[in-house]
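So this block is protein28.csv, CSV, C-alpha atoms:
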```csv
chain,number,residue,atom,x,y,z
A,1,MET,CA,130.7,17.3,47.9
A,2,ASN,CA,129.5,20.7,49.2
A,3,PRO,CA,126.0,21.3,47.7
A,4,LEU,CA,126.9,25.0,47.4
A,5,GLU,CA,129.6,24.0,44.9
A,6,LEU,CA,126.8,23.1,42.5
A,7,THR,CA,125.5,26.7,42.5
A,8,LEU,CA,127.9,27.7,39.7
A,9,GLY,CA,126.2,25.2,37.4
A,10,ILE,CA,122.8,26.1,38.7
A,11,MET,CA,123.3,29.8,37.9
A,12,THR,CA,124.8,29.0,34.5
A,13,ALA,CA,121.9,26.7,33.7
A,14,VAL,CA,119.0,28.8,35.0
A,15,GLY,CA,120.5,31.9,33.5
A,16,GLY,CA,121.4,30.1,30.3
A,17,PHE,CA,118.4,27.9,29.6
A,18,VAL,CA,115.7,30.0,31.2
A,19,ASP,CA,116.8,33.5,30.3
A,20,ILE,CA,114.8,35.9,28.2
A,21,SER,CA,115.5,33.8,25.0
A,22,GLU,CA,114.0,30.7,26.5
A,23,LEU,CA,111.0,32.4,27.9
A,24,VAL,CA,110.2,33.6,24.4
A,25,PHE,CA,111.3,30.7,22.2
A,26,ALA,CA,110.1,27.9,24.5
A,27,ALA,CA,106.6,29.4,24.9
A,28,LYS,CA,106.2,30.3,21.3
A,29,ALA,CA,107.5,26.8,20.1
A,30,GLY,CA,104.9,25.1,22.4
A,31,SER,CA,102.0,27.2,21.2
A,32,MET,CA,102.9,26.8,17.5
A,33,PHE,CA,104.1,23.2,17.3
A,34,GLY,CA,102.8,21.5,20.5
A,35,TYR,CA,105.3,19.1,22.0
A,36,ALA,CA,107.2,18.5,18.8
A,37,LEU,CA,110.2,20.7,19.7
A,38,ILE,CA,111.0,19.2,23.1
A,39,TRP,CA,113.7,17.0,21.5
A,40,VAL,CA,115.7,20.1,20.5
A,41,PHE,CA,116.0,21.2,24.1
A,42,VAL,CA,117.1,17.6,25.0
A,43,LEU,CA,119.7,17.6,22.2
A,44,GLY,CA,120.9,21.1,23.1
A,45,THR,CA,121.2,20.1,26.7
A,46,ILE,CA,123.4,17.2,25.9
A,47,GLY,CA,125.6,19.4,23.7
A,48,MET,CA,125.9,22.1,26.4
A,49,SER,CA,126.8,19.4,29.0
A,50,VAL,CA,129.5,18.1,26.7
A,51,PHE,CA,131.1,21.5,26.0
A,52,GLY,CA,130.5,22.7,29.6
A,53,GLU,CA,132.2,19.7,31.0
A,54,MET,CA,135.1,20.3,28.6
A,55,SER,CA,135.4,23.9,29.5
A,56,GLY,CA,135.4,23.1,33.3
A,57,ARG,CA,137.9,20.3,32.8
A,58,VAL,CA,140.3,22.7,30.8
A,59,ALA,CA,140.0,25.2,33.7
A,60,ALA,CA,140.7,22.6,36.3
A,61,ILE,CA,143.7,20.9,34.6
A,62,ALA,CA,145.3,23.6,32.5
A,63,ARG,CA,144.4,26.2,35.1
A,64,GLN,CA,144.3,28.8,32.4
A,65,PRO,CA,141.2,30.5,31.0
A,66,VAL,CA,139.8,29.4,27.7
A,67,PHE,CA,140.4,32.7,25.8
A,68,SER,CA,144.0,32.8,26.9
A,69,LEU,CA,144.6,29.3,25.6
A,70,MET,CA,142.5,30.1,22.5
A,71,ARG,CA,144.8,32.9,21.5
A,72,HIS,CA,147.9,30.7,21.7
A,73,ARG,CA,146.1,27.9,19.9
A,74,LEU,CA,144.4,29.9,17.1
A,75,GLY,CA,146.9,32.7,16.7
A,76,LEU,CA,146.3,36.4,16.9
A,77,LYS,CA,144.2,37.0,13.8
A,78,LEU,CA,141.8,34.1,14.0
A,79,GLY,CA,141.7,34.6,17.8
A,80,LEU,CA,140.6,38.2,17.3
A,81,ILE,CA,137.9,37.2,14.9
A,82,THR,CA,136.6,34.7,17.5
A,83,LEU,CA,136.8,37.3,20.2
A,84,ALA,CA,135.0,40.0,18.2
A,85,GLY,CA,132.2,37.6,17.2
A,86,SER,CA,131.8,36.5,20.8
A,87,LEU,CA,131.8,40.1,22.1
A,88,ILE,CA,129.1,41.3,19.7
A,89,SER,CA,126.8,38.3,20.3
A,90,THR,CA,127.2,38.4,24.0
A,91,LEU,CA,126.7,42.2,24.2
A,92,ILE,CA,123.4,41.9,22.3
A,93,THR,CA,122.4,39.1,24.6
A,94,CYS,CA,123.2,41.2,27.7
A,95,ALA,CA,121.1,44.1,26.3
A,96,ALA,CA,118.2,41.6,25.8
A,97,GLU,CA,118.5,40.5,29.4
A,98,VAL,CA,118.5,44.0,30.7
A,99,GLY,CA,115.5,44.8,28.6
A,100,GLY,CA,113.9,41.7,29.8
A,101,MET,CA,114.5,42.7,33.4
A,102,ALA,CA,112.9,46.1,32.8
A,103,LEU,CA,109.9,44.4,31.1
A,104,ILE,CA,109.3,42.1,34.1
A,105,LEU,CA,109.7,44.9,36.6
A,106,ASN,CA,107.2,46.9,34.5
A,107,TYR,CA,104.7,44.1,34.9
A,108,LEU,CA,105.3,44.1,38.7
A,109,THR,CA,105.3,47.8,39.4
A,110,GLY,CA,103.9,49.7,36.4
A,111,LEU,CA,106.8,52.1,36.4
A,112,PRO,CA,108.3,53.4,33.1
A,113,TYR,CA,110.3,50.9,31.2
A,114,ALA,CA,113.3,53.2,30.6
A,115,LEU,CA,113.5,54.1,34.3
A,116,LEU,CA,113.4,50.4,35.3
A,117,ALA,CA,116.1,49.6,32.8
A,118,ILE,CA,118.4,52.2,34.4
A,119,ALA,CA,117.5,51.0,37.9
A,120,SER,CA,118.2,47.4,36.8
A,121,VAL,CA,121.7,48.2,35.6
A,122,VAL,CA,122.5,50.2,38.7
A,123,ALA,CA,121.4,47.2,40.9
A,124,LEU,CA,123.3,44.7,38.8
A,125,MET,CA,126.5,46.8,38.8
A,126,ALA,CA,126.3,47.3,42.6
A,127,SER,CA,126.0,43.6,43.2
A,128,MET,CA,128.9,42.9,40.8
A,129,TRP,CA,131.0,45.5,42.6
A,130,ILE,CA,130.2,44.5,46.2
A,131,LEU,CA,129.7,40.8,46.1
A,132,PRO,CA,132.6,38.2,45.7
A,133,PHE,CA,132.1,35.8,42.9
A,134,GLN,CA,130.7,32.9,45.0
A,135,TRP,CA,128.0,35.1,46.4
A,136,ILE,CA,127.1,36.5,43.0
A,137,GLU,CA,126.5,33.0,41.7
A,138,ARG,CA,124.7,31.9,44.8
A,139,THR,CA,122.4,34.9,45.0
A,140,TYR,CA,121.2,34.9,41.4
A,141,GLY,CA,121.3,31.1,41.0
A,142,LEU,CA,119.3,30.2,44.1
A,143,LEU,CA,116.8,33.0,43.8
A,144,GLY,CA,116.3,32.0,40.1
A,145,LEU,CA,115.1,28.6,41.4
A,146,MET,CA,111.7,30.2,42.0
A,147,MET,CA,111.3,29.2,38.3
A,148,ILE,CA,110.6,25.7,39.5
A,149,VAL,CA,107.0,27.0,39.8
A,150,PHE,CA,106.8,26.3,36.0
A,151,ALA,CA,107.5,22.6,36.5
A,152,LEU,CA,105.0,22.4,39.3
A,153,ALA,CA,102.4,24.3,37.2
A,154,LEU,CA,103.0,21.7,34.4
A,155,VAL,CA,102.2,18.9,36.8
A,156,ALA,CA,99.1,20.7,38.1
A,157,ILE,CA,97.5,21.1,34.6
A,158,HIS,CA,97.8,17.4,33.9
A,159,PRO,CA,99.3,17.4,30.4
A,160,PRO,CA,99.2,14.3,28.2
A,161,TRP,CA,102.4,12.8,29.5
A,162,ALA,CA,102.6,10.3,26.6
A,163,MET,CA,102.7,13.2,24.1
A,164,VAL,CA,105.3,15.1,26.3
A,165,ALA,CA,107.5,12.0,26.3
A,166,SER,CA,107.0,11.5,22.5
A,167,GLY,CA,108.2,15.0,22.0
A,168,MET,CA,111.7,14.0,23.2
A,169,ILE,CA,112.1,11.9,20.1
A,170,PRO,CA,113.5,13.8,17.1
A,171,GLN,CA,110.6,14.5,14.7
A,172,VAL,CA,109.0,16.8,12.2
A,173,PRO,CA,105.2,17.2,12.6
A,174,ARG,CA,103.2,15.7,9.7
A,175,GLY,CA,101.2,17.9,7.4
A,176,LEU,CA,103.2,21.1,7.6
A,177,SER,CA,103.0,23.4,4.7
A,178,PRO,CA,106.4,24.5,3.1
A,179,LYS,CA,106.1,27.8,5.0
A,180,GLU,CA,105.3,26.1,8.3
A,181,LEU,CA,108.2,23.7,7.7
A,182,LEU,CA,110.6,26.7,7.3
A,183,THR,CA,109.2,28.2,10.5
A,184,PHE,CA,109.7,24.9,12.4
A,185,SER,CA,113.3,24.7,11.1
A,186,TYR,CA,113.9,28.3,12.3
A,187,PHE,CA,112.8,27.3,15.8
A,188,VAL,CA,115.1,24.3,15.8
A,189,VAL,CA,118.0,26.6,15.0
A,190,ALA,CA,116.9,29.3,17.4
A,191,ILE,CA,116.4,26.9,20.3
A,192,LEU,CA,119.8,25.3,19.7
A,193,SER,CA,121.4,28.7,19.7
A,194,ALA,CA,119.7,29.8,22.9
A,195,VAL,CA,120.7,26.5,24.7
A,196,LEU,CA,124.3,26.6,23.4
A,197,PHE,CA,124.9,30.3,23.9
A,198,PRO,CA,128.8,30.5,23.9
A,199,TYR,CA,128.9,32.8,27.0
A,200,GLU,CA,127.8,29.9,29.1
A,201,SER,CA,131.1,28.1,28.6
A,202,TYR,CA,133.2,31.2,29.1
A,203,PHE,CA,131.4,32.1,32.3
A,204,TYR,CA,131.5,28.5,33.6
A,205,SER,CA,135.2,27.9,32.9
A,206,SER,CA,136.2,31.3,34.3
A,207,GLY,CA,134.1,30.6,37.4
A,208,GLY,CA,135.9,27.4,37.9
A,209,ILE,CA,139.2,29.3,37.9
A,210,GLU,CA,137.7,31.9,40.2
A,211,GLU,CA,136.9,29.1,42.7
A,212,GLY,CA,140.4,27.5,42.3
A,213,TRP,CA,139.4,24.3,40.7
A,214,GLY,CA,142.0,21.6,40.2
A,215,PRO,CA,142.1,17.9,39.4
A,216,LYS,CA,140.3,17.0,42.6
A,217,ASP,CA,137.2,19.0,41.3
A,218,LEU,CA,136.7,17.0,38.1
A,219,LEU,CA,133.8,15.0,39.7
A,220,THR,CA,132.3,18.3,40.9
A,221,ASN,CA,132.6,19.6,37.3
A,222,ARG,CA,130.7,16.5,35.9
A,223,VAL,CA,128.0,16.6,38.5
A,224,THR,CA,127.6,20.3,38.2
A,225,CYS,CA,127.1,20.1,34.4
A,226,THR,CA,124.6,17.2,34.7
A,227,VAL,CA,122.6,18.7,37.6
A,228,GLY,CA,122.8,22.3,36.6
A,229,PHE,CA,122.2,22.0,32.9
A,230,GLY,CA,119.6,19.3,33.4
A,231,LEU,CA,117.6,21.5,35.7
A,232,GLY,CA,117.7,24.4,33.3
A,233,SER,CA,116.5,22.1,30.5
A,234,LEU,CA,113.7,20.7,32.7
A,235,LEU,CA,112.4,24.3,33.4
A,236,ALA,CA,112.6,25.2,29.7
A,237,ILE,CA,110.7,22.1,28.6
A,238,SER,CA,108.1,22.8,31.3
A,239,ILE,CA,107.5,26.2,29.8
A,240,LEU,CA,107.2,24.7,26.3
A,241,ALA,CA,104.9,21.8,27.4
A,242,ALA,CA,102.6,24.1,29.4
A,243,SER,CA,102.4,26.5,26.5
A,244,ALA,CA,101.4,23.6,24.2
A,245,GLN,CA,98.7,22.6,26.7
A,246,LEU,CA,97.3,26.0,27.5
A,247,PHE,CA,98.0,28.3,24.5
A,248,GLY,CA,98.2,26.0,21.5
A,249,PRO,CA,94.5,24.9,21.5
A,250,ILE,CA,93.2,28.5,21.6
A,251,ASN,CA,95.7,29.8,19.0
A,252,VAL,CA,97.4,32.2,21.4
A,253,SER,CA,101.0,33.1,20.6
A,254,PRO,CA,102.9,34.2,23.8
A,255,GLU,CA,104.9,37.0,22.3
A,256,ILE,CA,106.2,38.6,25.6
A,257,PRO,CA,107.6,37.1,28.8
A,258,GLY,CA,104.5,38.1,30.7
A,259,SER,CA,102.5,35.6,28.7
A,260,SER,CA,104.7,32.8,29.9
A,261,ALA,CA,104.1,33.8,33.5
A,262,LEU,CA,100.4,33.1,33.0
A,263,GLU,CA,101.3,29.4,32.8
A,264,ALA,CA,101.9,29.5,36.6
A,265,ALA,CA,98.9,31.8,37.2
A,266,ILE,CA,96.4,29.5,35.7
A,267,PRO,CA,96.8,26.6,38.2
A,268,PHE,CA,98.1,28.6,41.2
A,269,GLY,CA,96.5,32.1,40.9
A,270,ARG,CA,98.2,35.3,41.9
A,271,GLY,CA,100.7,33.5,44.1
A,272,GLY,CA,101.9,31.5,41.1
A,273,LEU,CA,102.0,34.5,38.9
A,274,LEU,CA,104.1,36.4,41.5
A,275,LEU,CA,106.5,33.4,41.9
A,276,ALA,CA,106.8,33.1,38.2
A,277,LEU,CA,107.6,36.8,37.6
A,278,LEU,CA,110.1,36.9,40.5
A,279,GLY,CA,111.8,33.7,39.3
A,280,MET,CA,112.0,35.1,35.8
A,281,LEU,CA,113.4,38.4,37.1
A,282,PHE,CA,116.2,36.7,39.0
A,283,ALA,CA,116.9,34.2,36.2
A,284,VAL,CA,117.2,37.0,33.6
A,285,ALA,CA,119.2,39.1,36.1
A,286,GLY,CA,121.6,36.2,36.5
A,287,ALA,CA,121.9,35.9,32.7
A,288,ALA,CA,122.7,39.6,32.5
A,289,VAL,CA,125.5,39.2,35.0
A,290,GLU,CA,126.8,36.1,33.1
A,291,THR,CA,126.9,37.9,29.8
A,292,CYS,CA,128.4,41.0,31.1
A,293,MET,CA,131.2,39.2,33.0
A,294,SER,CA,131.7,36.8,30.1
A,295,ASN,CA,132.6,39.6,27.8
A,296,ALA,CA,134.9,41.1,30.4
A,297,TYR,CA,136.5,37.7,31.0
A,298,ALA,CA,137.1,37.2,27.3
A,299,VAL,CA,138.8,40.6,26.7
A,300,ALA,CA,140.9,40.4,29.8
A,301,GLN,CA,142.0,36.8,29.2
A,302,PHE,CA,142.7,37.3,25.6
A,303,PHE,CA,145.0,40.3,26.2
A,304,GLY,CA,146.6,38.9,29.4
A,305,TRP,CA,145.2,41.4,31.9
A,306,GLU,CA,144.6,40.7,35.6
A,307,TRP,CA,141.0,39.6,35.9
A,308,GLY,CA,138.4,38.1,38.2
A,309,ARG,CA,136.0,38.9,41.0
A,310,HIS,CA,138.1,37.0,43.5
A,311,VAL,CA,140.2,40.2,43.7
A,312,LYS,CA,139.2,43.7,44.6
A,313,PRO,CA,137.8,45.7,41.7
A,314,TRP,CA,140.7,48.2,41.9
A,315,ASP,CA,143.3,45.3,41.8
A,316,ALA,CA,142.1,44.3,38.3
A,317,PRO,CA,141.2,47.8,36.9
A,318,ARG,CA,141.0,46.9,33.2
A,319,PHE,CA,138.8,43.9,33.9
A,320,THR,CA,136.6,46.1,36.1
A,321,LEU,CA,136.4,48.8,33.4
A,322,ALA,CA,135.5,46.2,30.9
A,323,TRP,CA,132.5,44.8,32.7
A,324,ILE,CA,131.3,48.3,33.6
A,325,ALA,CA,131.6,49.3,29.9
A,326,VAL,CA,129.7,46.2,28.7
A,327,MET,CA,126.8,46.9,31.1
A,328,LEU,CA,126.6,50.5,30.2
A,329,LEU,CA,126.7,49.7,26.4
A,330,ALA,CA,123.9,47.2,27.0
A,331,LEU,CA,121.9,49.9,28.7
A,332,LEU,CA,122.4,52.3,25.9
A,333,ILE,CA,121.2,49.7,23.4
A,334,VAL,CA,118.0,49.3,25.5
A,335,LEU,CA,117.5,53.0,25.8
A,336,THR,CA,117.5,53.4,22.0
A,337,GLY,CA,114.0,52.0,22.2
A,338,VAL,CA,114.8,48.8,20.2
A,339,ASP,CA,112.2,46.1,20.9
A,340,VAL,CA,113.3,43.5,23.4
A,341,MET,CA,111.9,40.7,21.4
A,342,SER,CA,114.0,41.9,18.4
A,343,LEU,CA,117.1,41.9,20.6
A,344,VAL,CA,116.3,38.3,21.6
A,345,GLU,CA,116.1,37.2,17.9
A,346,TYR,CA,119.3,39.1,17.0
A,347,ALA,CA,121.1,37.5,20.0
A,348,ALA,CA,120.1,34.0,18.9
A,349,LEU,CA,121.1,34.8,15.3
A,350,PHE,CA,124.6,36.1,16.1
A,351,SER,CA,125.3,33.4,18.7
A,352,ILE,CA,124.6,30.5,16.4
A,353,ILE,CA,126.8,32.1,13.7
A,354,VAL,CA,129.8,32.3,16.1
A,355,LEU,CA,129.2,28.9,17.8
A,356,PRO,CA,131.5,26.9,15.5
A,357,LEU,CA,134.4,29.4,16.1
A,358,THR,CA,133.6,29.2,19.8
A,359,TYR,CA,133.5,25.5,20.4
A,360,LEU,CA,136.1,24.2,17.9
A,361,PRO,CA,139.1,25.8,19.8
A,362,LEU,CA,137.7,24.6,23.1
A,363,MET,CA,137.4,21.0,21.7
A,364,LEU,CA,140.9,21.2,20.3
A,365,LEU,CA,142.3,22.3,23.7
A,366,ALA,CA,140.4,19.6,25.5
A,367,ASN,CA,141.9,17.0,23.0
A,368,ASP,CA,145.5,18.3,23.5
A,369,ARG,CA,147.5,16.0,25.8
A,370,SER,CA,150.3,18.6,26.1
A,371,TYR,CA,147.8,20.8,28.0
A,372,MET,CA,145.5,18.2,29.5
A,373,ARG,CA,147.8,15.2,30.0
A,374,GLU,CA,145.8,12.1,31.0
A,375,HIS,CA,142.7,14.2,31.4
A,376,ALA,CA,142.4,14.9,27.6
A,377,ASN,CA,139.2,14.0,25.9
A,378,LYS,CA,138.5,10.2,25.7
A,379,TRP,CA,136.7,8.6,22.8
A,380,LEU,CA,133.2,9.5,24.0
A,381,ALA,CA,133.9,13.1,24.6
A,382,LYS,CA,135.7,13.4,21.3
A,383,GLY,CA,132.9,11.7,19.4
A,384,LEU,CA,130.2,13.8,21.0
A,385,GLY,CA,132.2,16.9,20.6
A,386,TRP,CA,132.7,16.4,16.8
A,387,LEU,CA,129.0,15.4,16.4
A,388,PHE,CA,127.8,18.6,18.0
A,389,PHE,CA,130.4,20.7,16.2
A,390,VAL,CA,128.9,19.4,12.9
A,391,ILE,CA,125.4,20.2,14.2
A,392,VAL,CA,126.2,23.8,15.2
A,393,THR,CA,128.0,24.3,11.9
A,394,VAL,CA,125.0,23.3,9.9
A,395,ALA,CA,122.8,25.4,12.1
A,396,ALA,CA,125.1,28.4,11.7
A,397,ILE,CA,124.9,28.1,7.9
A,398,ALA,CA,121.1,27.8,7.9
A,399,ALA,CA,120.5,30.6,10.5
A,400,ILE,CA,120.4,33.7,8.3
A,401,PRO,CA,118.5,32.2,5.4
A,402,LEU,CA,115.8,30.8,7.8
A,403,TYR,CA,115.6,34.1,9.7
A,404,LEU,CA,115.0,36.0,6.5
A,405,LEU,CA,112.6,33.5,5.0
A,406,THR,CA,110.5,33.3,8.1
A,407,SER,CA,110.8,36.9,9.3
A,408,GLY,CA,112.3,35.7,12.5
A,409,GLY,CA,109.9,32.8,13.1
A,410,GLN,CA,106.8,34.8,12.2
A,411,GLY,CA,106.1,32.6,9.2
```

Please re-express this file's structure in structure tokens.
Amino acid sequence: MNPLELTLGIMTAVGGFVDISELVFAAKAGSMFGYALIWVFVLGTIGMSVFGEMSGRVAAIARQPVFSLMRHRLGLKLGLITLAGSLISTLITCAAEVGGMALILNYLTGLPYALLAIASVVALMASMWILPFQWIERTYGLLGLMMIVFALALVAIHPPWAMVASGMIPQVPRGLSPKELLTFSYFVVAILSAVLFPYESYFYSSGGIEEGWGPKDLLTNRVTCTVGFGLGSLLAISILAASAQLFGPINVSPEIPGSSALEAAIPFGRGGLLLALLGMLFAVAGAAVETCMSNAYAVAQFFGWEWGRHVKPWDAPRFTLAWIAVMLLALLIVLTGVDVMSLVEYAALFSIIVLPLTYLPLMLLANDRSYMREHANKWLAKGLGWLFFVIVTVAAIAAIPLYLLTSGGQG
């Protein structure tokens, strides 16, 4: 197996787990509740691996994109509802990533935020226009691996490893007031939403088709999901645990991405801070590319247009116009002056609401032997799929009430 084949999963994981949402929710969760929310990342990672493996397997066996099959499976009306929900949540997420890039660049350069947002979009669009798909994923995926500095920083500050390990067991901290319990519940839902963002599956399965996956690539698919999503989860948990160790005891709430970067600066100084900021920059940039392309994939696949970065931009004109439009709309949202952290919360809220509509059709497709033949879901994949469908459905029902009752996790 060529190690570079794993880059698709690495990019999806680093850009999906450690995007702007994870930088905020993981750090805030650690400072507010210590190690007690680590289990939510573990649970979400298992769910993302289950659905990611399904989406990759559908791409390899059916050799059709998920949204194309979804339209045939759900019909036009329900398919359009799913498409619309996905487009809205992913566009908001893309705007949050662009705003996050501008914030991080502002920390690095001190230049105006709006100017840096424009420059970020120009750079992202240039890379998406010039680079073939494989080099898009490899560039952002591998550069985003500078985020490993957070895992090294966690080791360097010597956290109480027994407490870190105990955080992997589902729990609710004792002694919480009713208000704190609601806030804890909100973070459970928000973290699940951030880990299980639907665009990850769309990007991942479309990428498998871009790379020409077939039955021979099923092992690559499984390993990619395990290694890629597992690495992303490790980095997110490292951010949470370091926040619990460094910020929790002094009652500091890391409200912005720059606060998270201090986790690497404390043990490693300016070099650690620079690595953290650069890793965050490329991880967030990778997430911006994923979200932008995922929306373009969804529209093109649903309506049967020519699509993909394996062809020249002018050979798939409607697909090209779609991703250009998504990126420009994301920039316009950022330039309205809306707070990036508000965008992060809105993205998580909308995503968790559309998750059931996203993953149910995917699971039905992966169960369908007429499409998947002998590669249809076996008992374990079916059981885990239905379990996580119930979990995301409950989370979707609870999302809006918890958001309103806690003012977006502010208590």

Can you pull out every residue within 10 Å of A:Phe247, counting only C-alpha atoms, but drop anything in the same chain fewer than 6 positions away, and send it as a short mmCIF file (atom, residue, chain, number, x, y, z; two decimals) with C-alpha atoms, keeping the file's coordinate frame?
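Below you can see around07.cif, which holds the result:
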```cif
data_model
loop_
_atom_site.label_atom_id
_atom_site.label_comp_id
_atom_site.auth_asym_id
_atom_site.auth_seq_id
_atom_site.Cartn_x
_atom_site.Cartn_y
_atom_site.Cartn_z
CA ALA A 27 106.60 29.40 24.90
CA LYS A 28 106.20 30.30 21.30
CA GLY A 30 104.90 25.10 22.40
CA SER A 31 102.00 27.20 21.20
CA MET A 32 102.90 26.80 17.50
CA GLY A 34 102.80 21.50 20.50
CA ALA A 241 104.90 21.80 27.40
CA SER A 253 101.00 33.10 20.60
CA PRO A 254 102.90 34.20 23.80
CA SER A 259 102.50 35.60 28.70
CA SER A 260 104.70 32.80 29.90
CA GLU A 263 101.30 29.40 32.80
#
```

**Report entry** Interatomic distance (Å, one decimal) between atom CA of A:Ile20 and atom CA of A:Phe150
**Finding:**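 Separating atom CA of A:Ile20 from atom CA of A:Phe150 is a distance of 14.7 Å.
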
Query raised in the report: Smallest atom-to-atom distance to A:Leu355: which of A:Gln171, A:Ser193, A:Ser21, A:Gln64, using all atoms listed in the file?
Result: A:Ser193

Query raised in the report: Pick the closest to A:Val122 from A:Arg373, A:Ala285, A:Ser205, A:Phe302: which is it, counting all atoms listed in the file?
Result: A:Ala285

Find the nearest atom pair between each residue of stretch 331-389 of chain A and stretch 38-54 of chain A for residues within 10 Å, count all atoms listed in the file, give distances in Å to one decimal, sort rows by chain and ascending number, and present the table as a tab-separated table.
```
residue	atom	partner	partner_atom	distance
A:Tyr359	CA	A:Phe51	CA	7.3
A:Leu360	CA	A:Phe51	CA	9.9
A:Leu362	CA	A:Met54	CA	7.4
A:Met363	CA	A:Met54	CA	7.3
A:Leu365	CA	A:Met54	CA	8.9
A:Ala366	CA	A:Met54	CA	6.2
A:Asn367	CA	A:Met54	CA	9.4
A:Ala376	CA	A:Met54	CA	9.1
A:Asn377	CA	A:Met54	CA	8.0
A:Leu380	CA	A:Val50	CA	9.7
A:Ala381	CA	A:Val50	CA	7.0
A:Lys382	CA	A:Val50	CA	9.5
A:Leu384	CA	A:Val50	CA	7.2
A:Gly385	CA	A:Val50	CA	6.8
A:Leu387	CA	A:Gly47	CA	9.0
A:Phe388	CA	A:Gly47	CA	6.2
A:Phe389	CA	A:Gly47	CA	9.0
```

Query raised in the report: Interatomic distance between atom CA of A:Leu69 and atom CA of A:Tyr346?
Result: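 Going from atom CA of A:Leu69 over to atom CA of A:Tyr346, I get 28.5 Å.
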
Please identify every residue of stretch 195-269 of chain A that has at least one atom no farther than 10 Å from an atom of stretch 333-345 of chain A, counting only C-alpha atoms, and for each give the shortest atom pair and the distance in Å to one decimal, arranged by chain then increasing number, as a tab-separated table.
```
residue	atom	partner	partner_atom	distance
A:Glu255	CA	A:Met341	CA	8.0
A:Ile256	CA	A:Met341	CA	7.4
A:Pro257	CA	A:Met341	CA	9.3
```
